[in-house]
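> I am attaching a structure below and will ask some questions about it afterwards.
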Amino acid sequence: MQHELLTLAIHSHSKAMILKDILENNGMTVYLEDVNDENSEDSSVDGFYIKVKKSDISRALMVIEANKLFNYDDKEIRKIDDGRKRILVAVDFSGYSLNACRIAFEIANRLNLKVKILHVYHNVYFPSHIPFADSLKETSDESLLDTTRSKMLKLCCEIDEKISDGKWPSVNYSYSLREGLVGEEIESFVLEYKPMLLVLGTKGKDKTETFVLGNVTADVIEMVNVPVLAVPESFPFFAAENKIHIAFLTNLHQQSMVPFDNFIELLKPYRNIKITLLHVNRVDKKGTRYPESELHKMKEEFNKLYPQLNIEYVLLDSPDIVQGIADFADKENVSVICLNTHRRNIFGRIFQPSVSRKVLQRLERAILVLRG
């Protein structure tokens, strides 16, 4: 009788062998399949599908979680890591999460990166001394974990089908499940996994449903210390041949230039790109208003440092900074709004909303947030 096999993960050969040994020691049969066997035209992809029987999938996940496999703070794991940079994509199994995965896979394929798909599930905790505490839970801890695993496996099966059909590139990817508060767990995982980019999906402004990730995206952007790309469900395929217009928001301070190297690193594979340095003067604001000469000077400096780029500049006067950005984005068909910001504490997030939060809430555009 032929058993149905499911892909548990995609890892380098060293990690695949470690995982294979551990699972086999726990009584499971493990099958390794070279990624290049199905994608011989792209020999740059280095990895193995780790597959197990469908009946063993839940037990295999429990073993992985119990052994805390491939924690990147572990010295032994760092020794066998292939050194490639990583993308982390956080999902909540919505339609816009799938699009975020697609964008992450495309960028990873172009830059030869690895992808980790992360889902954080939250179970409401009732202290045991409260009468009938167990009956207050919507589902048991075990049932919630099983449901979450099933959703993740369904997502991975859908991704594998798209890879097999040639709709998505084949990249080295794996996934993790964490329990806790979404924002806090994503922040914690970023510190552990050390990605060069975090990709998040966002709802479109016309959506009315309440999805967990859609509600916390703005918080996560302000909590983590890595660049974040927030992409709406309607964001088009991020292919290298697509024409991409990026508006890089600047306050004309020298610090704006610091994260630009990270920005350029992400753009390396993309040749058909126009970058507009954009500064908005608040017309009703007292104090210094930057003249056009300052923006022109910044453009000249960027042109010297990055002669391969198509860089222009625009200075706008507007009573509302975000509205000025929105009007420019609509008029000039801007695909991505890029801005530099700093990590903010909870008081700053509550009492003084950042430009990134306002832009995310009001513009249906991809937002790339750099860290200065």
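Each chain in the structure tokens gets a letter, A, B, ..., in the order shown, and its residues are numbered from 1; ligands are numbered from 1 in order too.
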So that I can see what lies close to Leu61 in chain A, please list as an mmCIF file with C-alpha atoms, in the first residue's frame the residues with an atom at most 10 Å from it, counting only C-alpha atoms and leaving out residues fewer than 2 positions away in the same chain.

data_model
loop_
_atom_site.group_PDB
_atom_site.id
_atom_site.type_symbol
_atom_site.label_atom_id
_atom_site.label_comp_id
_atom_site.auth_asym_id
_atom_site.auth_seq_id
_atom_site.Cartn_x
_atom_site.Cartn_y
_atom_site.Cartn_z
ATOM 1 C CA LEU A 8 7.569 18.569 6.573
ATOM 2 C CA LEU A 23 12.528 11.418 13.465
ATOM 3 C CA ASP A 56 3.046 10.702 11.036
ATOM 4 C CA ILE A 57 2.853 14.430 10.390
ATOM 5 C CA SER A 58 1.403 15.472 13.780
ATOM 6 C CA ARG A 59 3.888 13.303 15.682
ATOM 7 C CA VAL A 63 9.092 15.925 18.009
ATOM 8 C CA ILE A 64 10.433 19.058 16.300
ATOM 9 C CA GLU A 65 8.799 21.328 18.867
ATOM 10 C CA ALA A 66 9.894 19.165 21.819
ATOM 11 C CA ASN A 67 13.523 19.152 20.654
ATOM 12 C CA ASP A 146 -3.801 20.477 15.983
ATOM 13 C CA ARG A 149 -0.836 22.566 12.419
ATOM 14 C CA SER A 176 7.526 27.438 12.770
ATOM 15 C CA LEU A 177 4.530 27.647 15.081
#
> Any idea what the distance is between CA of His13 in chain A and CA of Leu229 in chain A?
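Between these atoms lies a distance of 29.7 Å.
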> Using only C-alpha atoms, which of the listed residues (A:Arg102, A:Arg84, A:Arg371, A:Lys194) sits closest to Ser12 in chain A?
A:Arg84
> I'd like the neighbourhood of Leu277 in chain A as a list in words, where a residue qualifies if any of its atoms comes within 9 Å (using only C-alpha atoms), though same-chain residues fewer than 6 positions away should be ignored.
Ile246, Ala247, Phe248, Leu249, Thr250, Leu295, Met298, Lys299, Ile311, Glu312, Tyr313, Val314 and Leu315 of chain A
> I'd like the neighbourhood of Gly324 in chain A as number ranges by chain, where a residue qualifies if any of its atoms comes within 12 Å (using only C-alpha atoms), though same-chain residues fewer than 2 positions away should be ignored.
A: 249, 278-283, 314-322, 326-331, 359, 362-363
> What lies within 8 Å of range 198-204 of chain A using only C-alpha atoms, ignoring chain neighbours under 2 positions off, as a short mmCIF file (atom, residue, chain, number, x, y, z; two decimals) with C-alpha atoms, in the first residue's frame?

data_model
loop_
_atom_site.label_atom_id
_atom_site.label_comp_id
_atom_site.auth_asym_id
_atom_site.auth_seq_id
_atom_site.Cartn_x
_atom_site.Cartn_y
_atom_site.Cartn_z
CA ILE A 87 13.56 36.23 5.15
CA LEU A 88 10.88 35.78 7.79
CA VAL A 89 7.25 35.93 6.66
CA ALA A 90 4.52 36.00 9.31
CA VAL A 91 1.15 34.55 8.28
CA TYR A 96 -3.12 38.45 2.03
CA SER A 97 -0.79 36.13 3.97
CA LEU A 98 -0.47 33.90 0.91
CA ASN A 99 0.45 36.93 -1.17
CA ALA A 100 3.07 37.87 1.41
CA CYS A 101 4.57 34.37 1.03
CA ALA A 104 8.96 36.57 0.09
CA PRO A 195 16.32 37.70 9.22
CA MET A 196 17.47 40.45 6.88
CA ASP A 206 -11.72 48.09 1.42
CA LYS A 207 -11.70 45.02 3.66
CA LEU A 213 -2.19 39.87 11.63
CA GLY A 214 -3.89 42.71 9.78
CA THR A 217 1.02 44.83 11.44
CA VAL A 226 14.88 44.71 11.00
CA PRO A 227 13.50 46.10 7.73
CA VAL A 228 9.83 45.27 7.24
CA LEU A 229 7.97 44.92 3.95
CA ALA A 230 4.18 45.14 4.43
CA VAL A 231 2.29 44.09 1.30
CA PRO A 232 -1.47 44.35 0.68
CA GLU A 233 -3.38 41.48 -0.87
CA SER A 234 -3.72 43.40 -4.12
CA GLU A 364 -3.13 50.68 -0.16
#
> Could you name the residues that touch Leu113 in chain A at 12 Å or less, counting only C-alpha atoms, but leaving out those on the same chain fewer than 2 positions away, as a PyMOL selection string?
chain A and resi 44-47+82-88+104-111+115-116+169-173+195-197+266
> Using only C-alpha atoms for the distances, tell me which of A:Val30, A:Leu339, A:Lys151, A:Ser55 is nearest to Leu368 in chain A.
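Residue with the minimum atom-to-atom distance to Leu368 in chain A: A:Leu339.
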